[in-house]
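Notes follow the structure.
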Amino acid sequence: MAFPQTTIAGVSLSRMIIGTNWVAGFSHTSTAADSVIKQKYSDVDSYTPLIGAFVKHGVNAIMGGFCMKPESAAKVLKAEEKLGTKLVIIDTPALNVDDTKEAREECQKFLKRSAEIGTTFCLLHHSSCEKLMNKQKKTMDRLPDYLDMIRQAGLIPGLSAHMPEVLQFSDLNEYDVQTYIQLFNCMGFLMQIEIESVIKIIHKAKKPVMTIKPMAAGRVSPYVGLTFNWNVLRPIDMVTVGCFSPEEAEEDIEISLAAIEHRLPNIGARSSLAPTSIIS
């Protein structure tokens with residue numbers, strides 16, 4: 001079956017988004033774990049089986065800092081070619097937002113590169129957004145300049161947030177933003193305020209929200225993390241899922257569909273050295 005869809009700015013994309021931290025080498029665990037990931041996904045063809053596992057279930061969107069990491073973009077483009085599909089690419093560039101001519105020219109260079117790789121949505125990375133925040137005025141100073149640059153590059157603008165005020169200030173000022181990324185998981189991992197407050201902010205957001213790190217970078221099991229996110233988000237919102245293998249992708253898709261359909265997932269039991277009759 002096709003994975004449930006949502007629509008942003010007239011673009012149809014799956015409510016599950018392929019995350020790329022676990023193929024780019026960002027484990028959020030250790031240097032050793034980063035090294036294992038980089039070794040497994042070192043060549044240009046390495047993404048294809050993993051992306052193929054998502055695509056065959058109708059997951060058609062992928063997120064990452066592609067214009068900043070050309071090697072990752074090349075792997076995605078190669079996977080698209082081999083699978084005969086076109087993904088909705090969500091780029092999350094960490095742009096230099098210094099108020100200088102040189103910095104703006106640098107931004108335009110990266111945005112041009114983003115357009116060249118076939119990006120649809122360009123969401124300014126949270127590290128850039130937070131430099132523009134003015135909490136006293138509840139504004140994001142000079143943000144319209146960068147949103148206009150994104151539009152001029154032919155991309156759909158959005159914002160990525162660890163700081164949940166990003167969503168609030170953007171909606172309050174009616175900036176030209178079509179979607180948000182918001183860190184959200186049942187552990188509160190990397191979240192700046194409590195889970196209960198963040199989910200209220202997501203539900204009040206005027207645009208669809210792409211949540212990230214649902215499994216707290218491996219700190220909770222897929223069943224726990226994904227079931228929680230799917231059951232508290234709105235039908236227009238999305239969950240970004242990072243995996244290490246096609247088998248993990250298959251499991252995460254089944255767990256997610258089960259959560260959406262309010263049924264038990266059809267997955268195997270965890271292995272154990274001495275299983276009991278309770279575990280089946």
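Following the order of the structure tokens, first chain is A, next is B, and so on, with residues numbered from 1 inside each chain and ligands from 1 in the order they appear.
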Excluding Asn266 (chain A) and its own-chain neighbours fewer than 2 positions away, which residues fall within 9 Å of it when counting only C-alpha atoms? Please give them as a PDB file with N, CA and C atoms, in the first residue's frame.
```
ATOM      1  N   GLU A 251      10.889  -2.471   8.823  1.00  0.00           N
ATOM      2  CA  GLU A 251      10.298  -2.515  10.168  1.00  0.00           C
ATOM      3  C   GLU A 251       9.653  -1.191  10.541  1.00  0.00           C
ATOM      4  N   GLU A 254       6.370  -0.611   8.711  1.00  0.00           N
ATOM      5  CA  GLU A 254       5.274  -1.433   9.255  1.00  0.00           C
ATOM      6  C   GLU A 254       4.822  -0.910  10.618  1.00  0.00           C
ATOM      7  N   ILE A 255       5.763  -0.537  11.477  1.00  0.00           N
ATOM      8  CA  ILE A 255       5.401   0.026  12.786  1.00  0.00           C
ATOM      9  C   ILE A 255       4.597   1.312  12.601  1.00  0.00           C
ATOM     10  N   ALA A 258       1.091   0.594  11.260  1.00  0.00           N
ATOM     11  CA  ALA A 258       0.288   0.019  12.345  1.00  0.00           C
ATOM     12  C   ALA A 258      -0.176   1.103  13.311  1.00  0.00           C
ATOM     13  N   LEU A 264      -1.697  -3.684  15.953  1.00  0.00           N
ATOM     14  CA  LEU A 264      -0.362  -4.156  16.315  1.00  0.00           C
ATOM     15  C   LEU A 264       0.488  -4.319  15.062  1.00  0.00           C
ATOM     16  N   GLY A 268       8.792  -9.202  14.005  1.00  0.00           N
ATOM     17  CA  GLY A 268       9.300 -10.296  14.819  1.00  0.00           C
ATOM     18  C   GLY A 268       9.678  -9.846  16.215  1.00  0.00           C
TER      19      GLY A 268
END
```
Open item on the list: Show me, as number ranges by chain, the residues that have an atom within 9 Å of Pro4 (chain A) when counting only C-alpha atoms, minus same-chain residues fewer than 5 positions from it.
Closed with: A: 13-16, 58-59, 257, 260
- [ ] Tell me which protein, DNA and RNA residues are within 12 Å of Leu77 (chain A), counting only C-alpha atoms, leaving out same-chain ones fewer than 4 positions away, and put them as a VMD selection string.
- [x] chain A and resid 44 to 48 51 62 66 70 to 73 81 to 89 116 to 119
TODO: Do a neighbour search on Ile90 (chain A) at 6 Å with only C-alpha atoms, toss out local chain neighbours closer than 2 positions, and write the hits as a PyMOL selection string.
DONE: chain A and resi 62-63+121-122
For the selection you just gave me, I'd like the residues written to a file as a PDB file, in the first residue's frame, keeping N, CA, C and O atoms.
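Final output, saved to out_31.pdb:
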```pdb
ATOM      1  N   ILE A  62      12.789  12.885   0.983  1.00  0.00           N
ATOM      2  CA  ILE A  62      14.057  12.666   1.682  1.00  0.00           C
ATOM      3  C   ILE A  62      14.597  14.000   2.170  1.00  0.00           C
ATOM      4  O   ILE A  62      14.479  15.014   1.490  1.00  0.00           O
ATOM      5  N   MET A  63      15.183  13.997   3.364  1.00  0.00           N
ATOM      6  CA  MET A  63      15.657  15.225   4.003  1.00  0.00           C
ATOM      7  C   MET A  63      17.148  15.130   4.312  1.00  0.00           C
ATOM      8  O   MET A  63      17.641  14.089   4.760  1.00  0.00           O
ATOM      9  N   PHE A 121      11.927  21.582  -1.486  1.00  0.00           N
ATOM     10  CA  PHE A 121      11.783  22.408  -0.287  1.00  0.00           C
ATOM     11  C   PHE A 121      13.157  22.741   0.277  1.00  0.00           C
ATOM     12  O   PHE A 121      14.014  21.865   0.417  1.00  0.00           O
ATOM     13  N   CYS A 122      13.357  24.005   0.637  1.00  0.00           N
ATOM     14  CA  CYS A 122      14.607  24.445   1.250  1.00  0.00           C
ATOM     15  C   CYS A 122      14.278  25.060   2.604  1.00  0.00           C
ATOM     16  O   CYS A 122      13.647  26.117   2.676  1.00  0.00           O
TER      17      CYS A 122
END
```
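Counting from CA of Arg151 (chain A), the distance to CA of Phe3 (chain A) is 28.9 Å.
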Task: Pick from A:Gln152, A:Asn134, A:Ser256, A:Ser35, whichever lies nearest to Val166 (chain A) using only C-alpha atoms - done: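 Smallest distance to Val166 (chain A) is found for A:Asn134.
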Task: Which of region 11-242 of chain A DSSP labels strand (DSSP E), written as number ranges by chain - done: A: 11-14, 16-18, 61-64, 88-91, 119-124, 133-134, 139-140, 156-161, 180-183, 209-212, 238-241
